[in-house]
$ cat work-v2.cif   # mmCIF, C-alpha atoms
data_structure
loop_
_atom_site.label_atom_id
_atom_site.label_comp_id
_atom_site.auth_asym_id
_atom_site.auth_seq_id
_atom_site.Cartn_x
_atom_site.Cartn_y
_atom_site.Cartn_z
CA MET A 1 5.70 -16.38 6.39
CA PRO A 2 4.60 -18.21 3.22
CA PHE A 3 2.48 -16.18 0.82
CA SER A 4 -0.05 -19.00 0.73
CA ARG A 5 -1.15 -17.72 4.17
CA ILE A 6 -1.32 -14.06 3.17
CA ALA A 7 -4.20 -12.07 1.70
CA VAL A 8 -3.38 -8.62 0.36
CA VAL A 9 -5.84 -5.79 0.93
CA VAL A 10 -5.42 -2.73 -1.30
CA PRO A 11 -7.45 0.25 -0.02
CA ALA A 12 -8.35 2.45 -3.00
CA ALA A 13 -11.54 4.14 -1.80
CA GLY A 14 -10.02 7.52 -0.93
CA ALA A 15 -10.72 10.66 -2.93
CA GLY A 16 -7.07 11.76 -2.95
CA LEU A 17 -7.95 15.43 -2.48
CA ARG A 18 -4.30 16.53 -2.18
CA PHE A 19 -3.65 15.16 -5.66
CA GLY A 20 -5.89 17.87 -7.13
CA ASP A 21 -7.15 15.96 -10.16
CA GLU A 22 -10.62 14.88 -11.27
CA ARG A 23 -9.72 11.24 -10.73
CA PRO A 24 -8.10 9.76 -7.62
CA LYS A 25 -4.33 9.37 -7.78
CA GLN A 26 -4.46 5.59 -8.21
CA TYR A 27 -6.00 6.24 -11.66
CA ALA A 28 -3.38 8.70 -12.82
CA ARG A 29 -1.25 7.48 -15.72
CA VAL A 30 2.47 6.82 -15.71
CA ALA A 31 3.97 5.97 -19.11
CA GLY A 32 0.49 5.15 -20.39
CA ARG A 33 -0.53 2.83 -17.55
CA LEU A 34 -2.60 3.46 -14.45
CA VAL A 35 -0.76 3.75 -11.13
CA LEU A 36 -3.00 1.01 -9.73
CA ASP A 37 -2.03 -1.27 -12.62
CA TYR A 38 1.64 -1.15 -11.57
CA THR A 39 0.69 -1.71 -7.93
CA LEU A 40 -1.41 -4.80 -8.60
CA GLU A 41 1.22 -6.17 -11.00
CA VAL A 42 3.94 -6.37 -8.34
CA LEU A 43 1.54 -7.75 -5.73
CA PHE A 44 0.40 -10.56 -8.04
CA GLU A 45 4.06 -11.34 -8.75
CA CYS A 46 4.41 -12.38 -5.09
CA GLN A 47 1.55 -14.91 -5.48
CA PRO A 48 -0.45 -14.25 -2.30
CA ALA A 49 -3.43 -16.41 -1.42
CA GLU A 50 -5.78 -13.66 -2.62
CA ILE A 51 -5.94 -9.94 -3.33
CA VAL A 52 -8.86 -7.75 -2.27
CA LEU A 53 -9.20 -4.33 -3.91
CA VAL A 54 -11.35 -1.90 -1.92
CA VAL A 55 -12.98 0.89 -3.96
CA ALA A 56 -15.45 3.72 -3.37
CA ALA A 57 -19.14 3.03 -3.87
CA ASP A 58 -19.34 5.30 -6.94
CA ASP A 59 -16.04 4.18 -8.46
CA GLU A 60 -16.19 2.54 -11.87
CA ALA A 61 -12.64 3.41 -12.96
CA TRP A 62 -11.24 0.19 -11.45
CA ARG A 63 -12.84 -1.66 -14.36
CA ASP A 64 -10.22 -0.14 -16.67
CA VAL A 65 -7.31 -1.74 -14.78
CA PRO A 66 -5.79 -4.69 -16.67
CA GLY A 67 -5.63 -7.82 -14.53
CA VAL A 68 -8.18 -6.62 -11.97
CA SER A 69 -10.32 -9.66 -12.79
CA ARG A 70 -7.81 -11.70 -10.75
CA ALA A 71 -8.70 -9.73 -7.63
CA GLN A 72 -11.83 -9.59 -5.54
CA VAL A 73 -13.35 -6.09 -5.59
CA VAL A 74 -15.37 -4.80 -2.62
CA THR A 75 -16.85 -1.46 -1.59
CA GLY A 76 -15.07 0.50 1.12
CA GLY A 77 -16.09 3.15 3.63
CA SER A 78 -15.49 6.82 4.35
CA THR A 79 -12.21 6.26 6.25
CA ARG A 80 -9.14 4.15 5.64
CA ALA A 81 -9.96 1.97 8.65
CA GLU A 82 -13.48 1.28 7.38
CA SER A 83 -12.15 0.38 3.95
CA VAL A 84 -9.48 -1.94 5.31
CA ILE A 85 -12.03 -3.62 7.59
CA ALA A 86 -14.28 -4.16 4.54
CA GLY A 87 -11.37 -5.74 2.70
CA LEU A 88 -10.46 -7.96 5.64
CA GLY A 89 -14.07 -9.10 5.88
CA ALA A 90 -13.89 -10.39 2.31
CA VAL A 91 -10.82 -12.58 2.92
CA THR A 92 -11.67 -16.26 2.70
CA ASN A 93 -8.41 -18.13 2.31
CA ALA A 94 -5.71 -16.63 4.57
CA ASP A 95 -4.91 -15.97 8.22
CA TRP A 96 -2.49 -13.08 7.63
CA ALA A 97 -3.32 -9.73 6.05
CA MET A 98 -0.93 -7.52 4.10
CA VAL A 99 -2.19 -3.97 3.48
CA HIS A 100 -0.63 -1.94 0.67
CA ASP A 101 -1.42 1.55 -0.59
CA ALA A 102 -2.98 1.61 -4.06
CA ALA A 103 -0.89 4.67 -4.92
CA ARG A 104 2.46 3.14 -3.94
CA PRO A 105 3.40 1.42 -7.25
CA CYS A 106 7.20 1.45 -6.94
CA VAL A 107 7.56 -1.16 -4.20
CA GLY A 108 9.70 -4.08 -5.26
CA ALA A 109 8.79 -7.75 -5.01
CA ALA A 110 12.08 -8.34 -3.15
CA GLU A 111 11.06 -5.90 -0.40
CA ILE A 112 7.60 -7.46 -0.11
CA ARG A 113 9.16 -10.91 0.26
CA ARG A 114 11.64 -9.60 2.84
CA LEU A 115 8.75 -8.29 4.92
CA ALA A 116 7.10 -11.71 4.81
CA ASP A 117 10.38 -13.38 5.79
CA GLU A 118 11.16 -11.07 8.72
CA VAL A 119 7.69 -10.34 10.12
CA ASP A 120 7.10 -10.88 13.85
CA ASP A 121 4.83 -13.87 14.48
CA GLU A 122 2.64 -11.97 16.96
CA ALA A 123 2.96 -8.25 16.25
CA GLY A 124 3.50 -8.32 12.49
CA GLY A 125 5.67 -5.77 10.74
CA LEU A 126 5.98 -3.05 8.14
CA LEU A 127 8.40 -1.74 5.58
CA ALA A 128 10.07 1.47 6.75
CA VAL A 129 13.09 3.65 6.02
CA GLN A 130 15.25 5.30 8.66
CA VAL A 131 15.14 9.10 8.71
CA SER A 132 18.37 10.53 7.28
CA ASP A 133 17.66 14.27 7.37
CA THR A 134 17.89 16.50 10.41
CA VAL A 135 14.36 16.87 11.84
CA LYS A 136 13.01 20.11 13.28
CA ARG A 137 9.87 20.57 15.35
CA GLY A 138 8.26 23.90 14.52
CA ALA A 139 6.28 26.50 16.40
CA GLY A 140 4.61 28.52 13.69
CA ASP A 141 7.38 29.54 11.33
CA ARG A 142 10.15 29.15 13.91
CA VAL A 143 12.25 26.20 15.01
CA ALA A 144 11.18 25.00 18.44
CA LEU A 145 13.36 21.94 18.72
CA THR A 146 15.82 19.76 16.83
CA VAL A 147 14.57 16.19 17.15
CA ASP A 148 16.95 13.28 17.66
CA ARG A 149 16.59 11.24 14.47
CA ALA A 150 18.41 8.14 15.74
CA ASP A 151 15.24 6.11 16.27
CA LEU A 152 12.98 7.78 13.68
CA TRP A 153 11.61 5.90 10.69
CA HIS A 154 9.39 6.75 7.72
CA ALA A 155 6.59 4.17 7.66
CA GLN A 156 5.74 2.64 4.29
CA THR A 157 3.49 -0.12 3.03
CA PRO A 158 3.08 -3.06 2.72
CA GLN A 159 2.30 -3.70 6.37
CA LEU A 160 1.67 -7.29 7.45
CA PHE A 161 -0.22 -8.59 10.49
CA PRO A 162 -2.16 -11.62 11.73
CA LEU A 163 -5.60 -11.09 10.23
CA ALA A 164 -7.59 -11.57 13.45
CA THR A 165 -5.29 -9.21 15.36
CA LEU A 166 -5.65 -6.50 12.73
CA VAL A 167 -9.45 -6.80 12.69
CA ARG A 168 -9.52 -6.45 16.48
CA ALA A 169 -7.15 -3.48 16.46
CA LEU A 170 -8.97 -1.57 13.73
CA ALA A 171 -12.37 -2.02 15.38
CA GLY A 172 -11.60 0.71 17.90
CA GLU A 173 -9.44 3.02 15.77
CA ALA A 174 -11.44 5.00 13.23
CA ASN A 175 -8.85 7.65 12.36
CA VAL A 176 -5.58 5.75 11.90
CA THR A 177 -3.36 6.72 9.00
CA ASP A 178 -1.75 3.29 8.82
CA GLU A 179 -2.48 -0.16 10.19
CA SER A 180 0.61 -0.27 12.39
CA SER A 181 -0.88 2.57 14.45
CA ALA A 182 -3.89 0.40 15.22
CA ILE A 183 -1.70 -2.55 16.17
CA GLU A 184 0.36 -0.30 18.45
CA SER A 185 -2.85 0.88 20.15
CA VAL A 186 -3.49 -2.65 21.46
CA GLY A 187 -0.04 -2.87 23.02
CA LEU A 188 1.93 -4.63 20.29
CA ALA A 189 5.18 -3.45 18.70
CA PRO A 190 5.39 -4.35 14.99
CA ARG A 191 8.81 -5.12 13.55
CA LEU A 192 10.45 -2.46 11.37
CA VAL A 193 11.73 -4.10 8.18
CA ALA A 194 14.13 -2.09 6.04
CA GLY A 195 12.48 -0.84 2.87
CA ARG A 196 13.78 1.39 0.09
CA PRO A 197 13.52 5.19 -0.26
CA ASP A 198 12.13 4.80 -3.79
CA ASN A 199 8.98 3.06 -2.49
CA ILE A 200 7.21 6.41 -2.82
CA LYS A 201 3.52 7.16 -2.44
CA VAL A 202 1.93 9.22 -5.21
CA THR A 203 0.36 12.16 -3.35
CA PHE A 204 0.86 15.23 -5.55
CA PRO A 205 0.89 15.56 -9.39
CA GLY A 206 4.64 16.20 -9.33
CA ASP A 207 5.17 12.70 -7.89
CA LEU A 208 4.22 11.13 -11.22
CA ALA A 209 7.46 12.15 -12.96
CA ARG A 210 9.52 10.78 -10.09
CA CYS A 211 7.44 7.60 -10.14
CA GLU A 212 8.06 7.18 -13.87
CA ASP A 213 11.80 7.57 -13.35
CA ILE A 214 11.85 4.95 -10.59
CA LEU A 215 9.76 2.47 -12.57
CA ALA A 216 12.00 2.94 -15.61
CA ARG A 217 15.10 2.23 -13.52
CA GLN A 218 13.38 -0.89 -12.20
CA GLY A 219 12.73 -2.02 -15.78
CA ARG A 220 8.98 -2.08 -15.21
CA ILE A 221 7.89 0.38 -17.88
CA ALA A 222 7.04 -1.39 -21.09
CA VAL A 223 4.37 -1.24 -23.75
CA ARG A 224 1.54 -3.61 -22.86
CA ALA A 225 0.34 -5.46 -25.96
CA ALA A 226 -3.41 -5.06 -26.41
CA ALA A 227 -3.82 -8.79 -26.90
CA GLY A 228 -2.23 -9.40 -23.50
CA THR A 229 -4.69 -7.37 -21.43
CA GLU A 230 -7.36 -9.07 -19.40
CA PRO A 231 -11.02 -8.03 -19.44
CA PRO A 232 -12.22 -6.22 -16.30
CA SER A 233 -14.28 -8.05 -13.73
CA GLU A 234 -18.00 -7.25 -13.68
CA ALA A 235 -18.81 -8.49 -10.17
CA VAL A 236 -18.57 -6.26 -7.13
CA GLN A 237 -19.43 -7.64 -3.73
#
$ encode --input "work-v2.cif" --output "structure tokens"
Amino acid sequence: MPFSRIAVVVPAAGAGLRFGDERPKQYARVAGRLVLDYTLEVLFECQPAEIVLVVAADDEAWRDVPGVSRAQVVTGGSTRAESVIAGLGAVTNADWAMVHDAARPCVGAAEIRRLADEVDDEAGGLLAVQVSDTVKRGAGDRVALTVDRADLWHAQTPQLFPLATLVRALAGEANVTDESSAIESVGLAPRLVAGRPDNIKVTFPGDLARCEDILARQGRIAVRAAAGTEPPSEAVQ
């Protein structure tokens, strides 16, 4: 799937309550840069047709993200599905939609390109990692069952689907935690594309140190020269 056909939607309208900070997790800093800055950087590296950043109505922090002027910024809703639908509605130049978590900055461009190469033409696909640990189902504080892990995967983002199919699927699914769940609800089976365990999502404050370590190993932590930053966009649709 060529990236010229793909628009990337980045939902960033959530409050991130589990993160426990005054600002949402996408605005936490890692080695002096915002988490969202790293996320957008790798997405732009893949040269999609367009990128749509979806923010909360009262969010002004996105204006501090270098390079955000290259994206379209729109206002999201109270749920992930509403925010993604808002982002999809702003797409003008693509027939496929890739959705990626704002707080998942460690994804590699190689994995994103592999997803585009291996995606199913009808059902789409998602990056995922096979479960390696033994899995227990609990009943209170007791083990109720050991679950067969042979066919279990940890879902990641990006997730990539035909745009019209994703719009139709999300229309009836207000409480999905990822877009693949919505696609599954209309009878389609997205392709699982092997991702990497270090494509972590920043959820708790302790994740920032791990994120910094991963980004350093990827060679992505560097001092950004002030002269090289781009002014923030002023227009919000």
$ resolve_selection --input "work-v2.cif" --expression "the PyMOL selection byres ((chain A and resi 121-126) around 7)" --output "PyMOL selection string"
chain A and resi 115+119-120+127-128+156-162+188-193
$ closest_atom_pairs --input "work-v2.cif" --of "stretch 80-194 of chain A" --to "stretch 34-47 of chain A" --cutoff "8 Å" --atoms "all atoms listed in the file" --output "CSV"
residue,atom,partner,partner_atom,distance
A:Ala102,CA,A:Leu36,CA,5.7
A:Ala103,CA,A:Val35,CA,6.3
A:Arg104,CA,A:Thr39,CA,6.5
A:Pro105,CA,A:Thr39,CA,4.2
A:Cys106,CA,A:Thr39,CA,7.3
A:Val107,CA,A:Val42,CA,7.6
A:Gly108,CA,A:Val42,CA,6.9
A:Ala109,CA,A:Val42,CA,6.0
A:Ile112,CA,A:Cys46,CA,7.7
A:Arg113,CA,A:Cys46,CA,7.3
$ resolve_selection --input "work-v2.cif" --expression "the PyMOL selection byres ((chain A and resi 81-91) around 7)" --output "JSON, numbers by chain"
{"A": [7, 9, 11, 13, 52, 54, 74, 76, 77, 78, 79, 80, 92, 93, 94, 167, 170, 174, 175, 176]}
$ closest_residue --input "work-v2.cif" --among "A:Ala28, A:Ala194, A:Leu215, A:Ala12" --to "A:Ala110" --atoms "all atoms listed in the file"
A:Ala194
$ closest_residue --input "work-v2.cif" --among "A:Ala155, A:Val135, A:Val8, A:Val186" --to "A:Arg168" --atoms "only C-alpha atoms"
A:Val186
$ residues_near_point --input "work-v2.cif" --point "(12.5, 20.0, 14.3)" --cutoff "7 Å" --atoms "only C-alpha atoms" --output "list in words"
Val135, Lys136, Arg137, Gly138, Val143, Ala144, Leu145, Thr146 and Val147 of chain A
$ closest_residue --input "work-v2.cif" --among "A:Ile51, A:Ala56, A:Ala31, A:Ala61" --to "A:Arg210" --atoms "only C-alpha atoms"
A:Ala31
